[in-house]
Amino acid sequence: MNKPEKHILVCASFRPSGETKGKCHKKGSSAFLPYIENEIIDRGMTDVIVSSTCCLKYCDEGPVMVVYPDNTWYGGVDSEDAIDTILDAMEDGGVATEYELK
């Protein structure tokens, strides 16, 4: 595998102790991980990987996703439709402005 061009980070609200709490976790952000991974594969986005993270400290906007190296932060990512919109924008080389955090 080549080094990926993009890395999607999904806030799973883990705390250093391993405990999960917070808005992203409560809104099911971890449940979206398989969907994102399958969409990346189905779309042939071989240069993108996805990982879950500890709390990203943007709880009021949760669930939160970040795309690196673009440093594009997305909030309110609480549905497959939201994820599809973000992945569509990534494929087009753009940003899903309706979910982008400024």
# chains A, B, ... in the order shown; residues from 1 in each chain; ligands from 1
>>> residues_around(residues="Gly76 (chain A)", least_positions_apart="4", cutoff="8 Å", atoms="only C-alpha atoms", output="PyMOL selection string")
chain A and resi 61-64+99
>>> write_last_selection(atoms="N, CA, C and O atoms", output="short mmCIF file (atom, residue, chain, number, x, y, z; two decimals), in the first residue's frame")
data_model
loop_
_atom_site.label_atom_id
_atom_site.label_comp_id
_atom_site.auth_asym_id
_atom_site.auth_seq_id
_atom_site.Cartn_x
_atom_site.Cartn_y
_atom_site.Cartn_z
N GLU A 61 -20.26 20.97 17.90
CA GLU A 61 -20.49 20.79 16.47
C GLU A 61 -20.61 19.33 16.06
O GLU A 61 -20.71 19.02 14.89
N GLY A 62 -20.59 18.42 17.03
CA GLY A 62 -20.52 16.99 16.74
C GLY A 62 -21.74 16.40 16.05
O GLY A 62 -22.81 17.00 16.08
N PRO A 63 -21.52 15.28 15.44
CA PRO A 63 -20.28 14.57 15.20
C PRO A 63 -19.35 15.34 14.24
O PRO A 63 -19.80 16.00 13.31
N VAL A 64 -18.06 15.20 14.51
CA VAL A 64 -17.04 15.95 13.78
C VAL A 64 -16.15 14.99 12.99
O VAL A 64 -15.80 13.91 13.46
N TYR A 99 -21.30 21.60 5.53
CA TYR A 99 -20.89 20.95 6.78
C TYR A 99 -19.56 21.51 7.31
O TYR A 99 -19.16 21.17 8.41
#
>>> atom_distance(atom1="CA of Ile41 (chain A)", atom2="CA of Leu87 (chain A)")
11.5 Å
>>> residues_around(residues="region 66-72 of chain A", least_positions_apart="4", cutoff="6 Å", atoms="only C-alpha atoms", output="PyMOL selection string")
chain A and resi 6-9
>>> closest_residue(among="A:Ser13, A:Ile36, A:Thr97, A:Pro4", to="Val48 (chain A)", atoms="only C-alpha atoms")
A:Pro4
>>> residues_around(residues="Val95 (chain A)", least_positions_apart="3", cutoff="8 Å", atoms="only C-alpha atoms", output="ChimeraX atom specification")
/A:72,86,89-90,100
>>> select_by_dssp(residues="chain A", states="strand (DSSP E)", output="ChimeraX atom specification")
/A:6-14,48-54,65-68,72-74
>>> closest_residue(among="A:Glu19, A:Glu98, A:Glu91, A:Asp60", to="Met45 (chain A)", atoms="only C-alpha atoms")
A:Glu91
>>> closest_residue(among="A:Cys11, A:Gly44, A:Lys26, A:Asp84", to="Leu56 (chain A)", atoms="only C-alpha atoms")
A:Cys11
>>> select_by_dssp(residues="chain A", states="helix (DSSP H, G or I)", output="MDAnalysis selection string")
chainID A and resid 23:26 29:42 59:61 80:91
>>> closest_residue(among="A:Val77, A:Ile83, A:Met65, A:Leu101", to="Lys27 (chain A)", atoms="only C-alpha atoms")
A:Val77
>>> atom_distance(atom1="CA of Val50 (chain A)", atom2="CA of Asp88 (chain A)")
15.5 Å
>>> closest_residue(among="A:Lys102, A:Cys55, A:Gly94, A:Trp73", to="Thr20 (chain A)", atoms="only C-alpha atoms")
A:Cys55
>>> decode(residues="region 78-90 of chain A", atoms="all heavy atoms", output="mmCIF file, in the first residue's frame")
data_model
loop_
_atom_site.group_PDB
_atom_site.id
_atom_site.type_symbol
_atom_site.label_atom_id
_atom_site.label_comp_id
_atom_site.auth_asym_id
_atom_site.auth_seq_id
_atom_site.Cartn_x
_atom_site.Cartn_y
_atom_site.Cartn_z
ATOM 1 N N ASP A 78 -23.991 13.612 10.842
ATOM 2 C CA ASP A 78 -24.798 12.661 11.597
ATOM 3 C C ASP A 78 -25.677 11.775 10.723
ATOM 4 O O ASP A 78 -26.661 11.217 11.195
ATOM 5 C CB ASP A 78 -25.655 13.402 12.621
ATOM 6 C CG ASP A 78 -26.566 14.433 11.985
ATOM 7 O OD1 ASP A 78 -26.575 14.563 10.747
ATOM 8 O OD2 ASP A 78 -27.276 15.122 12.744
ATOM 9 N N SER A 79 -25.314 11.649 9.437
ATOM 10 C CA SER A 79 -26.099 10.791 8.546
ATOM 11 C C SER A 79 -25.228 10.308 7.387
ATOM 12 O O SER A 79 -24.185 10.899 7.098
ATOM 13 C CB SER A 79 -27.308 11.551 7.993
ATOM 14 O OG SER A 79 -26.873 12.555 7.087
ATOM 15 N N GLU A 80 -25.684 9.262 6.752
ATOM 16 C CA GLU A 80 -24.992 8.771 5.558
ATOM 17 C C GLU A 80 -25.038 9.815 4.448
ATOM 18 O O GLU A 80 -24.087 9.943 3.671
ATOM 19 C CB GLU A 80 -25.597 7.450 5.101
ATOM 20 C CG GLU A 80 -25.316 6.314 6.072
ATOM 21 C CD GLU A 80 -25.958 4.992 5.698
ATOM 22 O OE1 GLU A 80 -26.672 4.931 4.676
ATOM 23 O OE2 GLU A 80 -25.747 4.020 6.445
ATOM 24 N N ASP A 81 -26.127 10.585 4.368
ATOM 25 C CA ASP A 81 -26.216 11.642 3.367
ATOM 26 C C ASP A 81 -25.125 12.691 3.567
ATOM 27 O O ASP A 81 -24.527 13.170 2.603
ATOM 28 C CB ASP A 81 -27.591 12.321 3.406
ATOM 29 C CG ASP A 81 -28.698 11.447 2.856
ATOM 30 O OD1 ASP A 81 -28.408 10.489 2.104
ATOM 31 O OD2 ASP A 81 -29.869 11.720 3.177
ATOM 32 N N ALA A 82 -24.870 13.054 4.827
ATOM 33 C CA ALA A 82 -23.810 14.027 5.117
ATOM 34 C C ALA A 82 -22.451 13.472 4.692
ATOM 35 O O ALA A 82 -21.642 14.181 4.065
ATOM 36 C CB ALA A 82 -23.806 14.374 6.603
ATOM 37 N N ILE A 83 -22.209 12.218 4.999
ATOM 38 C CA ILE A 83 -20.946 11.583 4.617
ATOM 39 C C ILE A 83 -20.817 11.541 3.103
ATOM 40 O O ILE A 83 -19.756 11.854 2.553
ATOM 41 C CB ILE A 83 -20.847 10.175 5.237
ATOM 42 C CG1 ILE A 83 -20.731 10.294 6.756
ATOM 43 C CG2 ILE A 83 -19.667 9.392 4.652
ATOM 44 C CD1 ILE A 83 -20.998 9.021 7.513
ATOM 45 N N ASP A 84 -21.886 11.167 2.414
ATOM 46 C CA ASP A 84 -21.850 11.130 0.948
ATOM 47 C C ASP A 84 -21.526 12.497 0.369
ATOM 48 O O ASP A 84 -20.744 12.614 -0.588
ATOM 49 C CB ASP A 84 -23.181 10.627 0.386
ATOM 50 C CG ASP A 84 -23.406 9.138 0.630
ATOM 51 O OD1 ASP A 84 -22.423 8.409 0.872
ATOM 52 O OD2 ASP A 84 -24.578 8.719 0.566
ATOM 53 N N THR A 85 -22.113 13.541 0.936
ATOM 54 C CA THR A 85 -21.856 14.898 0.456
ATOM 55 C C THR A 85 -20.379 15.257 0.622
ATOM 56 O O THR A 85 -19.766 15.829 -0.285
ATOM 57 C CB THR A 85 -22.745 15.909 1.211
ATOM 58 O OG1 THR A 85 -24.117 15.587 0.966
ATOM 59 C CG2 THR A 85 -22.472 17.333 0.769
ATOM 60 N N ILE A 86 -19.805 14.901 1.761
ATOM 61 C CA ILE A 86 -18.393 15.187 2.017
ATOM 62 C C ILE A 86 -17.495 14.386 1.077
ATOM 63 O O ILE A 86 -16.556 14.922 0.488
ATOM 64 C CB ILE A 86 -18.053 14.922 3.497
ATOM 65 C CG1 ILE A 86 -18.793 15.943 4.378
ATOM 66 C CG2 ILE A 86 -16.545 14.947 3.736
ATOM 67 C CD1 ILE A 86 -18.815 15.602 5.852
ATOM 68 N N LEU A 87 -17.790 13.098 0.906
ATOM 69 C CA LEU A 87 -16.982 12.268 0.009
ATOM 70 C C LEU A 87 -17.121 12.719 -1.437
ATOM 71 O O LEU A 87 -16.137 12.713 -2.192
ATOM 72 C CB LEU A 87 -17.350 10.795 0.164
ATOM 73 C CG LEU A 87 -17.022 10.162 1.518
ATOM 74 C CD1 LEU A 87 -17.486 8.710 1.551
ATOM 75 C CD2 LEU A 87 -15.536 10.261 1.837
ATOM 76 N N ASP A 88 -18.321 13.132 -1.841
ATOM 77 C CA ASP A 88 -18.512 13.674 -3.198
ATOM 78 C C ASP A 88 -17.610 14.887 -3.416
ATOM 79 O O ASP A 88 -16.953 15.012 -4.453
ATOM 80 C CB ASP A 88 -19.973 14.090 -3.435
ATOM 81 C CG ASP A 88 -20.937 12.921 -3.547
ATOM 82 O OD1 ASP A 88 -20.493 11.767 -3.714
ATOM 83 O OD2 ASP A 88 -22.161 13.177 -3.448
ATOM 84 N N ALA A 89 -17.593 15.781 -2.426
ATOM 85 C CA ALA A 89 -16.755 16.981 -2.529
ATOM 86 C C ALA A 89 -15.277 16.606 -2.596
ATOM 87 O O ALA A 89 -14.521 17.192 -3.383
ATOM 88 C CB ALA A 89 -17.021 17.908 -1.351
ATOM 89 N N MET A 90 -14.866 15.636 -1.784
ATOM 90 C CA MET A 90 -13.470 15.198 -1.823
ATOM 91 C C MET A 90 -13.110 14.667 -3.199
ATOM 92 O O MET A 90 -12.044 14.976 -3.729
ATOM 93 C CB MET A 90 -13.218 14.116 -0.762
ATOM 94 C CG MET A 90 -13.183 14.637 0.647
ATOM 95 S SD MET A 90 -12.973 13.310 1.868
ATOM 96 C CE MET A 90 -11.332 12.703 1.447
#
